[in-house]
Amino acid sequence: MGAMRNSPKTEIGAARNSPKPSPRRRSTTLQYLFDLDSRISGSDLTGNNSIVRRSPIESENEELRSVISYCTFSYPFTDHAESASHQDLKRLKLVQLLSIVKTSKKPLDDQILQPLCSMISANLFRPLPPPCNTIAISILPDDDDLIAAPAAMWPHLQILYDILLRLVMNTDAKALRDYIDHSFLQSLLALFQSEDPRERESLKNVYHRVYSKFTFYRSFMRKAMNDVFLHYVFETDQRHCGIGDLLEIWGSIINGFTVPLKEEHKLFLMRVLVPLHKPKGMQAYHRQLAYCVSQFVQKEPVLGGVAIRGILKYWPVTNCQKEVLLIGEMEELVENIDPEQYRKLSLPICSQITKCLNSWNSQVAERALYVWNNEQFVKMASQAIVEVFPVLVEGMEKNLKWHWSKSVRQLTENVKAMLEDMEPGLYTKCLQKLDLQESAARQEELRRKEKWERIEVAAASKQFLQPPRYISVSN
């Protein structure tokens, strides 16, 4: 600035030492003053070019910060006609930011990262409306498009998630550590409750990418997801839309575990994944849950016993849809468990399957009967055939006598024929024992009925012989 202030003096000094102008006097018109001002300004800029002119990088950063500052303001999207032009302008500026983040060859410096992350936080981290249609999600778990109302601000959110994803992919993790911290990750996790499946899909990609790249955050991110699961299972009965998406992330994490598994990961199976079979809305995320459990059992087949006993513990009583799903999961686990556990698990598994094939719901009964087409399941049952056969024979005969569904009875006939071919002598012995039990039960029922009849006759005779008693009430 000192140089700029001295430049006019230099100009004046030069004018004093210069030759005197011609006697012809120039008129001080407005055009003359403009020309004089332009000459002085031009000489100043030429003499101090390194001070006044900004470098291209500084100009670009200043422009970028201006765009980021404009995008920091978030619109409520309550009235579509209120500020449509401003919303469109913001969308164009967000697209401009995304293009810069994508094509930038040099890493962004702190002067850009700090306002950029603040802008992303200001737009993404917002209060979500309470969940709705809780009953509908239990009935139609896969029809997200029919249930979830699309967010009005999704055109902006989509670009913001793309910017964040590109930022995580193209920037060094240590450079982002000060901006993507624990608080940022917790806020991201809270957004999984959004009812918009498009937003949850974008969140899943971002969160998984952060987990892959920010290795120093992995333990914290696993614990944070576990807290969401446990809160959902044990502390609330409300719907949580993002359980399936978080389980998808966990599926890829489990897939990368090395064998032998750490104790921490085994506890996750026992204390988190198995209790997730309990909630009534399990149908919405059962596919992802079954995949996670299956990954654990494939890596260490010994854990199959833990998973199966846990599923049997949380087996539903009146929810037929859950029963059908759990029968399929049980069948898949039997194919992967350690064969040494067959003898211990065959009786509890076959007992539960027998209860299911006796169900009055035809879908549950048919699904339980189809299990016997699985060779591995039959092999497991044959390991403890002496203990299992009496339970199976009783279930088969009960279905053949009492079940209302013709298709269930036909399937029961097929399974009965298979069991008779497997162990004809044992089946006949169990059938005879069942007949003796039924005969003994009938005799016990007759004795019980006769005993009650004698009691009723004795009570009636005693009441008839005994004179009636009257109670006098004094006034």
# chains A, B, ... in the order shown; residues from 1 in each chain; ligands from 1
call {"tool": "residues_around", "arguments": {"residues": "A:Ser202", "least_positions_apart": "5", "cutoff": "8 Å", "atoms": "only C-alpha atoms", "output": "MDAnalysis selection string"}}
result
chainID A and resid 158 161:162
call {"tool": "write_last_selection", "arguments": {"atoms": "C-alpha atoms", "output": "PDB file, in the first residue's frame"}}
result
ATOM      1  CA  GLN A 158     -28.267 -36.743  -4.209  1.00  0.00           C
ATOM      2  CA  TYR A 161     -23.927 -37.461  -1.239  1.00  0.00           C
ATOM      3  CA  ASP A 162     -22.022 -37.713  -4.521  1.00  0.00           C
TER       4      ASP A 162
END
call {"tool": "residues_around", "arguments": {"residues": "A:Met330", "least_positions_apart": "3", "cutoff": "9 Å", "atoms": "only C-alpha atoms", "output": "PyMOL selection string"}}
result
chain A and resi 308+311+325-327+333-335+349
call {"tool": "write_last_selection", "arguments": {"atoms": "C-alpha atoms", "output": "PDB file, in the first residue's frame"}}
result
ATOM      1  CA  ILE A 308     -29.190 -72.431  15.863  1.00  0.00           C
ATOM      2  CA  ILE A 311     -32.785 -68.885  16.689  1.00  0.00           C
ATOM      3  CA  LEU A 325     -38.247 -67.485   6.985  1.00  0.00           C
ATOM      4  CA  LEU A 326     -36.611 -69.117  10.005  1.00  0.00           C
ATOM      5  CA  ILE A 327     -37.235 -72.615   8.653  1.00  0.00           C
ATOM      6  CA  LEU A 333     -27.327 -73.417   8.653  1.00  0.00           C
ATOM      7  CA  VAL A 334     -27.595 -77.202   8.877  1.00  0.00           C
ATOM      8  CA  GLU A 335     -25.694 -77.423   5.591  1.00  0.00           C
ATOM      9  CA  ILE A 349     -34.084 -78.949  15.475  1.00  0.00           C
TER      10      ILE A 349
END
call {"tool": "residues_around", "arguments": {"residues": "A:Ala173", "least_positions_apart": "6", "cutoff": "12 Å", "atoms": "only C-alpha atoms", "output": "list in words"}}
result
Pro107, Leu167, Tyr179, Ile180, Asp181, Arg209, Val210, Tyr211, Ser212, Lys213, Phe214, Thr215, Phe216 and Tyr217 of chain A
call {"tool": "closest_atom_pairs", "arguments": {"of": "stretch 287-368 of chain A", "to": "stretch 415-431 of chain A", "cutoff": "12 Å", "atoms": "only C-alpha atoms", "output": "JSON lines"}}
result
{"residue": "A:Thr354", "atom": "CA", "partner": "A:Val415", "partner_atom": "CA", "distance": 11.8}
{"residue": "A:Leu357", "atom": "CA", "partner": "A:Val415", "partner_atom": "CA", "distance": 11.0}
{"residue": "A:Glu366", "atom": "CA", "partner": "A:Val415", "partner_atom": "CA", "distance": 11.2}
{"residue": "A:Ala368", "atom": "CA", "partner": "A:Val415", "partner_atom": "CA", "distance": 10.7}
call {"tool": "residues_around", "arguments": {"residues": "stretch 288-302 of chain A", "least_positions_apart": "2", "cutoff": "7 Å", "atoms": "only C-alpha atoms", "output": "ChimeraX atom specification"}}
result
/A:244,247-248,251,254-255,259,285-286,304-305,329,333,336-338
call {"tool": "write_last_selection", "arguments": {"atoms": "C-alpha atoms", "output": "tab-separated table (two decimals), in the first residue's frame"}}
result
chain	number	residue	atom	x	y	z
A	244	GLY	CA	-31.13	-53.94	6.53
A	247	LEU	CA	-26.50	-55.34	7.97
A	248	GLU	CA	-25.40	-55.19	4.33
A	251	GLY	CA	-21.98	-58.56	5.62
A	254	ILE	CA	-17.65	-60.12	8.09
A	255	ASN	CA	-16.58	-61.39	4.69
A	259	VAL	CA	-9.80	-67.07	10.61
A	285	TYR	CA	-34.13	-57.29	7.03
A	286	HIS	CA	-34.06	-61.08	7.33
A	304	GLY	CA	-23.46	-73.05	13.96
A	305	GLY	CA	-24.60	-74.49	17.26
A	329	GLU	CA	-32.49	-70.13	7.55
A	333	LEU	CA	-27.33	-73.42	8.65
A	336	ASN	CA	-22.76	-75.43	7.04
A	337	ILE	CA	-22.45	-76.53	10.68
A	338	ASP	CA	-19.78	-78.86	11.95
call {"tool": "closest_residue", "arguments": {"among": "A:Asn399, A:Ser99, A:Gln341, A:Ser382", "to": "A:Ser362", "atoms": "only C-alpha atoms"}}
result
A:Asn399
call {"tool": "closest_residue", "arguments": {"among": "A:Glu340, A:Glu331, A:Glu387, A:Asp178", "to": "A:Tyr370", "atoms": "only C-alpha atoms"}}
result
A:Glu331
call {"tool": "atom_distance", "arguments": {"atom1": "atom CA of A:Ser104", "atom2": "atom CA of A:Leu89"}}
result
22.3 Å
call {"tool": "closest_residue", "arguments": {"among": "A:Lys449, A:Lys204, A:Lys106, A:Lys433", "to": "A:Ile243", "atoms": "only C-alpha atoms"}}
result
A:Lys204
call {"tool": "closest_residue", "arguments": {"among": "A:Ile163, A:Val274, A:Val233, A:Ile385", "to": "A:Arg309", "atoms": "only C-alpha atoms"}}
result
A:Val274
